[in-house]
Amino acid sequence: MLVLSGAPSFLVSILILIFMTKYVPGYSFIGTYTNFGEFLQRITIPSLIMALTFVAMLGRITRSNMINQLQSPYIATAAAKGLKQSNITYKHAFHNAVIPVITVAGYMIAGSIGSTVIVEQVFSLPGIGGLLISAIEENNFPIVQILVLFMLGAYLVMSFVIDILYTVLDPRVDLK
């Protein structure tokens, strides 16, 4: 977990690319795809790389928040009242520990649009990242502005969704 959350996605991409080309014969990362099966084969590894780094980071954050919550005085009070350990863990501690995790997860999802630029370049996949790189190379500033505005919009939408989720998860939070 620590290695996946600390390593940059381009490094993990390059290492997996080297491993797959050396030890998995016939697995293709380059060229065009003619059917949906080839498309799925080509995007499976990049998708897993991006997902594993996000899961590793969220796992670390969830673990540290749960440790903090389980050491809180209200958990000792709930245990002294005789509540079951599963009830204490899931209804009390996890409920409070998940709020920072949702914040990080939302911004990671919004940031994944930007991080696809690197992964798309390593695996030579067509997408927003490739379009952004080619627009920068060609000095096509309107396309660069649109793509940067799109990434900014993703951050704004995720920020709004996170605020809404706060009110759903924690009734103490008010949108006023």
# chains A, B, ... in the order shown; residues from 1 in each chain; ligands from 1

$ residues_around --residues "Tyr27 (chain A)" --least-positions-apart "6" --cutoff "9 Å" --atoms "only C-alpha atoms" --output "number ranges by chain"
A: 20-21, 41-42

$ write_last_selection --atoms "N, CA and C atoms" --output "short mmCIF file (atom, residue, chain, number, x, y, z; two decimals), in the first residue's frame"
data_model
loop_
_atom_site.label_atom_id
_atom_site.label_comp_id
_atom_site.auth_asym_id
_atom_site.auth_seq_id
_atom_site.Cartn_x
_atom_site.Cartn_y
_atom_site.Cartn_z
N MET A 20 5.07 -6.30 -18.24
CA MET A 20 4.11 -6.96 -19.13
C MET A 20 4.74 -7.30 -20.48
N THR A 21 5.56 -6.42 -21.01
CA THR A 21 6.17 -6.73 -22.31
C THR A 21 7.21 -7.83 -22.20
N GLN A 41 -8.72 -4.80 -23.61
CA GLN A 41 -7.38 -5.30 -23.30
C GLN A 41 -6.40 -4.14 -23.18
N ARG A 42 -6.56 -3.15 -24.02
CA ARG A 42 -5.60 -2.04 -24.04
C ARG A 42 -5.78 -1.08 -22.88
#

$ closest_residue --among "A:Phe123, A:Phe160, A:Tyr166, A:Tyr33" --to "Ile102 (chain A)" --atoms "only C-alpha atoms"
A:Tyr166

$ residues_around --residues "region 3-17 of chain A" --least-positions-apart "5" --cutoff "12 Å" --atoms "only C-alpha atoms" --output "PyMOL selection string"
chain A and resi 22-24+27-30+42+44-61+112+114-124

$ residues_around --residues "Gln69 (chain A)" --least-positions-apart "3" --cutoff "9 Å" --atoms "only C-alpha atoms" --output "list of chain:residue names"
A:Ser64, A:Asn65, A:Met66, A:Ser72, A:Pro73, A:Tyr74, A:Ile75, A:His92, A:Ala93, A:Phe94, A:Asn96, A:Ala97

$ closest_residue --among "A:Leu125, A:Asn139, A:Ile133, A:Gly106" --to "Ile164 (chain A)" --atoms "only C-alpha atoms"
A:Gly106

$ closest_residue --among "A:Ile99, A:Ala110, A:Ile128, A:Ala79" --to "Asp163 (chain A)" --atoms "only C-alpha atoms"
A:Ile99
